[in-house]
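All remarks here apply to the structure that follows.
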Amino acid sequence: MLEIGLNLILIFTLLIPFGFLIGITISRSFVYNKQIENSKKTYPEKIFEKIEGFIFRVCSINPEEEMTGRQYLGTLLLLNLIIGTIIFFIATIQITSHCFTLQKPIDISSIFHLTCSYLTNTDQEHLNADIDLPMITRFFIIPFLMLISSGTGISISIMFIRAITKGIIGNFYVDFIKSFIRIVFPICFLISILFVLLGMPNTIPKLISYETLESAKETLTIGPIAALEAIILFGQQGGSIYSSNASHPFSNPTYLTNLLHIVFMTVIPVALIFTLGFCLNNNRQSMVLLLALFSIIIFEVVLSCMLELRGNPMHNAILGTDFPNWMGKETRFGIITSSIYSILASNVSGATNSALDGYHPISIGMMIFNLADQGILGGQGLGPIYALNYFIYTAIFIGFMTGKSPEMFGRKIEKREIILSSLILLLNPLVISILIPLTINIQHLSFISFHDHIHYYTRILYEFLSAASNNGSGLEGLTDNIPILNYTLGATMLLGWFGPITLSCGIASGLANKKTRLKSHEIFKTDTILFSFLYLFMTVSLTLLTYFPFIVLGPISEVLAKG
């Protein structure tokens, strides 16, 4: 327990101040930029303004022009459609061209899945990146898509927070460009320098041939690993140019880099929640939400670590000893740090430093819960939107209990917002409940045992939930690079990314156009410990009510089947 506590204290000690600083930067850049006098702007802000001004002039963008919710959404969707289509055709030409030597042919379904995966900030990989993909795809096209999806996610979350607190939709082009100039590029640059200092390679892409101790010829890819890891982690992508992901010694060489991995991939959702507090001029509101979310994370981390340290009862009964569950875990990180990494990554990113398939079924069940919830920090941009969606439900619950009309930050929640909020909550379970049975029925499968049947369902449930929540992690052992899974998972990723974005624009535009109630006339306060408790209750109960049958058929059935 001491090691668990020390790791969590270290993570939160780094995460909260870093998130707070980025939250200040976001609020100054995207909300208060026009109100800040030129004399009070910092030197970096003045430089950023000059760079942005040049880009705006070249692209003929009027930064003073405000968009409606429909215009904001239409611009976002059109930009992503154009970029996604162009990248799909470029990737198809590169991967299928005879100019590139690949060990095996790659069909169109794999390219479709790859494009959808990186365009939607999911980074779910069915291909072996360091073998199947040309170097230009790995080091140029994929990072480009990572940046596009990261900028899209940050922009939509900032728009949503700004709309519900200030009644301003903003301009997508301005938000998109600012998210790169002020947030993504400078912070990723600093992270990459730090990673280089801690031992990550950062070189020109090339292949190195070597001979193993068994006299086998192998080829190793190196390149700008530190720069890519900065984009992957800060952008909450989770992918890697290595199939072993964050367990590869180049991607994650030391215990310290492993700790920084956790901090960097969770900092943006924390920063956006702090941004909410700055927009409301009420940092207590941010702390109330973070208290509820961190309490869930701490509970899951402690339970998962205890289960993994207890080990597999069936194996221990055969061996006649108590041995921890080391299956799929790196010895240089240990069981506790691997468990913390996996639990937090299932909330925000597809990165992993251990084999998730080797964890206890209950640990896997908690990861599935996190993928289903999406509001516990959550993915790039959509995490805070899901968190605030549960905020709406908490406000509705309190309104029913008190007999008063619900409201959010002084703005009334009415029929339109309730319908759109419900659609956000029901979209992913509806998609996976249709596509999982369809996929299983198309595939003709046979299983050796009843447990194999259950675990296959757990794997495919995790795969679809990971796609729907734009996470990207997976339980290995599933033969996933087949056309039916590539197409259905690609569709799941698109619906799981652009569906909530579309619905959240509807909620934001509706709330932005409503008059705000004076703070002294608020029906109930949302910055109290009581509200934090109710918010926690609604977050957990709504997720369990929606997904409990899925979890029962998977991880819980595995535990019962093992006796």
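How things are named: the first chain in the structure tokens is A, the next is B, and so on; residues count from 1 in each chain; ligands count from 1 in the order shown.
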Shell of 8 Å around Ala351 in chain A, only C-alpha atoms, local chain residues under 2 positions omitted, as a ChimeraX atom specification: /A:233,237-240,245-246,345,349,353,472-473
Write the selection just made, keeping C-alpha atoms, as a tab-separated table (two decimals), in the first residue's frame?
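File written: again-v6.tsv
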```tsv
chain	number	residue	atom	x	y	z
A	233	LEU	CA	1.11	11.21	-24.96
A	237	GLN	CA	-3.17	9.20	-28.84
A	238	GLY	CA	-1.72	6.01	-27.38
A	239	GLY	CA	-0.18	4.66	-30.57
A	240	SER	CA	3.46	3.90	-31.17
A	245	ASN	CA	3.98	0.34	-27.35
A	246	ALA	CA	5.17	1.95	-24.09
A	345	ALA	CA	-4.57	4.87	-19.69
A	349	SER	CA	-5.31	6.97	-23.94
A	353	ASN	CA	3.33	-0.57	-20.82
A	472	GLY	CA	-7.23	2.55	-28.98
A	473	SER	CA	-5.99	-0.01	-26.45
```
Shell of 9 Å around Phe56 in chain A, only C-alpha atoms, local chain residues under 5 positions omitted, as an MDAnalysis selection string: chainID A and resid 51 61:63 173:174 177
Using C-alpha atoms, can you write the selected residues to a file as an mmCIF file, in the first residue's frame?
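Just written: out18.cif:
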```cif
data_model
loop_
_atom_site.group_PDB
_atom_site.id
_atom_site.type_symbol
_atom_site.label_atom_id
_atom_site.label_comp_id
_atom_site.auth_asym_id
_atom_site.auth_seq_id
_atom_site.Cartn_x
_atom_site.Cartn_y
_atom_site.Cartn_z
ATOM 1 C CA ILE A 51 2.525 34.085 -35.665
ATOM 2 C CA ILE A 61 -9.408 34.252 -41.701
ATOM 3 C CA ASN A 62 -11.120 37.010 -39.761
ATOM 4 C CA PRO A 63 -10.351 36.260 -36.081
ATOM 5 C CA TYR A 173 -10.467 28.241 -37.532
ATOM 6 C CA VAL A 174 -9.185 30.512 -34.762
ATOM 7 C CA ILE A 177 -4.883 27.317 -35.168
#
```
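Proximity to His455 in chain A was assessed for A:Leu260, A:Leu542, A:Ile90, A:Ile556 counting only C-alpha atoms; the smallest distance is recorded for A:Ile556.
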One residue among A:Thr331, A:Thr539, A:Ser192, A:Thr122 is nearest to Tyr255 in chain A when using only C-alpha atoms, and that residue is A:Thr331
DSSP-assigned helix (DSSP H, G or I) members of range 447-551 of chain A, reported as a VMD selection string: chain A and resid 450 to 468 483 to 512 519 to 521 529 to 551
Just asking: which residues within range 25-270 of chain A are strand (DSSP E or B) according to DSSP, as a PyMOL selection string? chain A and resi 206-211+217-222
Using only C-alpha atoms, find the one residue out of A:Leu290, A:Val196, A:Ile335, A:Leu489 that sits nearest to Gly311 in chain A. A:Ile335
Tell me which protein, DNA and RNA residues are within 12 Å of range 79-84 of chain A, counting only C-alpha atoms, leaving out same-chain ones fewer than 5 positions away, and put them as a ChimeraX atom specification. /A:72-74,89-91,111-121,141-142,144-153,172-173,176,494,497-498
I'd like the contact shell of Ser433 in chain A - 10 Å cut-off, only C-alpha atoms, skipping same-chain residues fewer than 6 positions apart - returned as a VMD selection string. chain A and resid 461 464 550
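Proximity to Val301 in chain A was assessed for A:Ile232, A:Ile86, A:Ala216, A:Ile364 counting only C-alpha atoms; the smallest distance is recorded for A:Ile364.
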Residues within 9 Å of range 422-432 of chain A, only C-alpha atoms, excluding chain neighbours under 6 positions, as a ChimeraX atom specification: /A:372-373,386,389-390,393,461,464-465,468-469,492,495-496,499-500,503-504,542-543,546-547
Based on the selection just made, write C-alpha atoms of those residues as an mmCIF file, in the first residue's frame.
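Saved as result_15.cif:
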```cif
data_model
loop_
_atom_site.group_PDB
_atom_site.id
_atom_site.type_symbol
_atom_site.label_atom_id
_atom_site.label_comp_id
_atom_site.auth_asym_id
_atom_site.auth_seq_id
_atom_site.Cartn_x
_atom_site.Cartn_y
_atom_site.Cartn_z
ATOM 1 C CA ALA A 372 -17.750 3.013 -21.217
ATOM 2 C CA ASP A 373 -17.893 6.048 -18.916
ATOM 3 C CA TYR A 386 -18.666 13.712 -21.286
ATOM 4 C CA ASN A 389 -22.734 15.744 -19.797
ATOM 5 C CA TYR A 390 -22.892 13.867 -16.476
ATOM 6 C CA TYR A 393 -27.729 14.695 -15.550
ATOM 7 C CA LEU A 461 -16.275 -6.067 -26.284
ATOM 8 C CA PHE A 464 -15.392 -2.112 -29.784
ATOM 9 C CA LEU A 465 -15.592 -0.031 -26.610
ATOM 10 C CA ALA A 468 -16.191 3.884 -29.599
ATOM 11 C CA SER A 469 -14.432 5.804 -26.824
ATOM 12 C CA THR A 492 -17.493 2.705 -34.702
ATOM 13 C CA LEU A 495 -19.478 7.532 -34.898
ATOM 14 C CA GLY A 496 -17.795 7.587 -31.477
ATOM 15 C CA GLY A 499 -21.289 11.773 -33.088
ATOM 16 C CA PRO A 500 -20.618 13.340 -29.653
ATOM 17 C CA LEU A 503 -24.410 16.562 -30.337
ATOM 18 C CA SER A 504 -22.215 18.683 -28.057
ATOM 19 C CA LEU A 542 -25.537 5.843 -15.249
ATOM 20 C CA THR A 543 -22.528 3.985 -16.670
ATOM 21 C CA THR A 546 -26.091 1.284 -19.380
ATOM 22 C CA TYR A 547 -23.209 -1.174 -19.623
#
```
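Rounded to one decimal, CA of His453 in chain A and CA of Gly477 in chain A lie 12.8 Å from each other.
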Selection near Cys305 in chain A, 9 Å with only C-alpha atoms, sequence-local residues under 2 positions removed, as a PyMOL selection string: chain A and resi 1+4+300-303+307-310+335-340+363
What are the closest atom pairs, with distances in Å to one decimal, for all residues of range 237-308 of chain A lying within 7 Å of range 23-32 of chain A? Consider only C-alpha atoms, order rows by chain and residue number, and present the result as JSON lines.
```
{"residue": "A:Ala271", "atom": "CA", "partner": "A:Gly23", "partner_atom": "CA", "distance": 4.4}
{"residue": "A:Leu272", "atom": "CA", "partner": "A:Gly23", "partner_atom": "CA", "distance": 5.9}
{"residue": "A:Phe274", "atom": "CA", "partner": "A:Gly23", "partner_atom": "CA", "distance": 5.2}
{"residue": "A:Thr275", "atom": "CA", "partner": "A:Gly23", "partner_atom": "CA", "distance": 4.6}
{"residue": "A:Phe278", "atom": "CA", "partner": "A:Ser27", "partner_atom": "CA", "distance": 6.5}
{"residue": "A:Cys279", "atom": "CA", "partner": "A:Ser27", "partner_atom": "CA", "distance": 6.7}
```
Store the residues picked out above in a file with N, CA and C atoms, as a PDB file, in the first residue's frame.
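New file result.pdb:
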```
ATOM      1  N   ALA A 271      -6.415  19.981 -17.272  1.00  0.00           N
ATOM      2  CA  ALA A 271      -6.280  21.401 -17.603  1.00  0.00           C
ATOM      3  C   ALA A 271      -7.605  21.995 -18.075  1.00  0.00           C
ATOM      4  N   LEU A 272      -8.370  21.227 -18.851  1.00  0.00           N
ATOM      5  CA  LEU A 272      -9.649  21.733 -19.353  1.00  0.00           C
ATOM      6  C   LEU A 272     -10.677  21.882 -18.230  1.00  0.00           C
ATOM      7  N   PHE A 274      -9.793  22.668 -15.157  1.00  0.00           N
ATOM      8  CA  PHE A 274      -9.354  23.929 -14.532  1.00  0.00           C
ATOM      9  C   PHE A 274      -9.808  25.129 -15.370  1.00  0.00           C
ATOM     10  N   THR A 275      -9.782  24.980 -16.696  1.00  0.00           N
ATOM     11  CA  THR A 275     -10.257  26.052 -17.573  1.00  0.00           C
ATOM     12  C   THR A 275     -11.713  26.398 -17.275  1.00  0.00           C
ATOM     13  N   PHE A 278     -11.760  28.663 -14.342  1.00  0.00           N
ATOM     14  CA  PHE A 278     -11.327  30.021 -14.682  1.00  0.00           C
ATOM     15  C   PHE A 278     -12.419  30.773 -15.431  1.00  0.00           C
ATOM     16  N   CYS A 279     -13.122  30.094 -16.334  1.00  0.00           N
ATOM     17  CA  CYS A 279     -14.203  30.750 -17.082  1.00  0.00           C
ATOM     18  C   CYS A 279     -15.354  31.156 -16.176  1.00  0.00           C
TER      19      CYS A 279
END
```
Please identify all polymer residues within 8 Å of range 6-15 of chain A, counting only C-alpha atoms, omitting same-chain residues fewer than 3 positions from it, and present them as a ChimeraX atom specification. /A:2-3,18-19,259,262-264,266-267,270,298,337
Export of prior selection with C-alpha atoms as a PDB file, in the first residue's frame:
```
ATOM      1  CA  LEU A   2       2.897   2.347   0.690  1.00  0.00           C
ATOM      2  CA  GLU A   3       4.232   2.012  -2.864  1.00  0.00           C
ATOM      3  CA  PHE A  18       0.934  21.299 -14.576  1.00  0.00           C
ATOM      4  CA  GLY A  19      -2.780  21.068 -15.403  1.00  0.00           C
ATOM      5  CA  LEU A 259       5.814   8.253 -14.418  1.00  0.00           C
ATOM      6  CA  ILE A 262       1.132   8.967 -16.955  1.00  0.00           C
ATOM      7  CA  VAL A 263       1.287  12.695 -16.173  1.00  0.00           C
ATOM      8  CA  PHE A 264       1.516  13.893 -19.780  1.00  0.00           C
ATOM      9  CA  THR A 266      -3.726  12.878 -18.365  1.00  0.00           C
ATOM     10  CA  VAL A 267      -2.816  16.564 -18.156  1.00  0.00           C
ATOM     11  CA  VAL A 270      -7.297  18.069 -16.046  1.00  0.00           C
ATOM     12  CA  ILE A 298      -7.847   6.017  -6.742  1.00  0.00           C
ATOM     13  CA  THR A 337       3.320   0.915 -11.653  1.00  0.00           C
TER      14      THR A 337
END
```
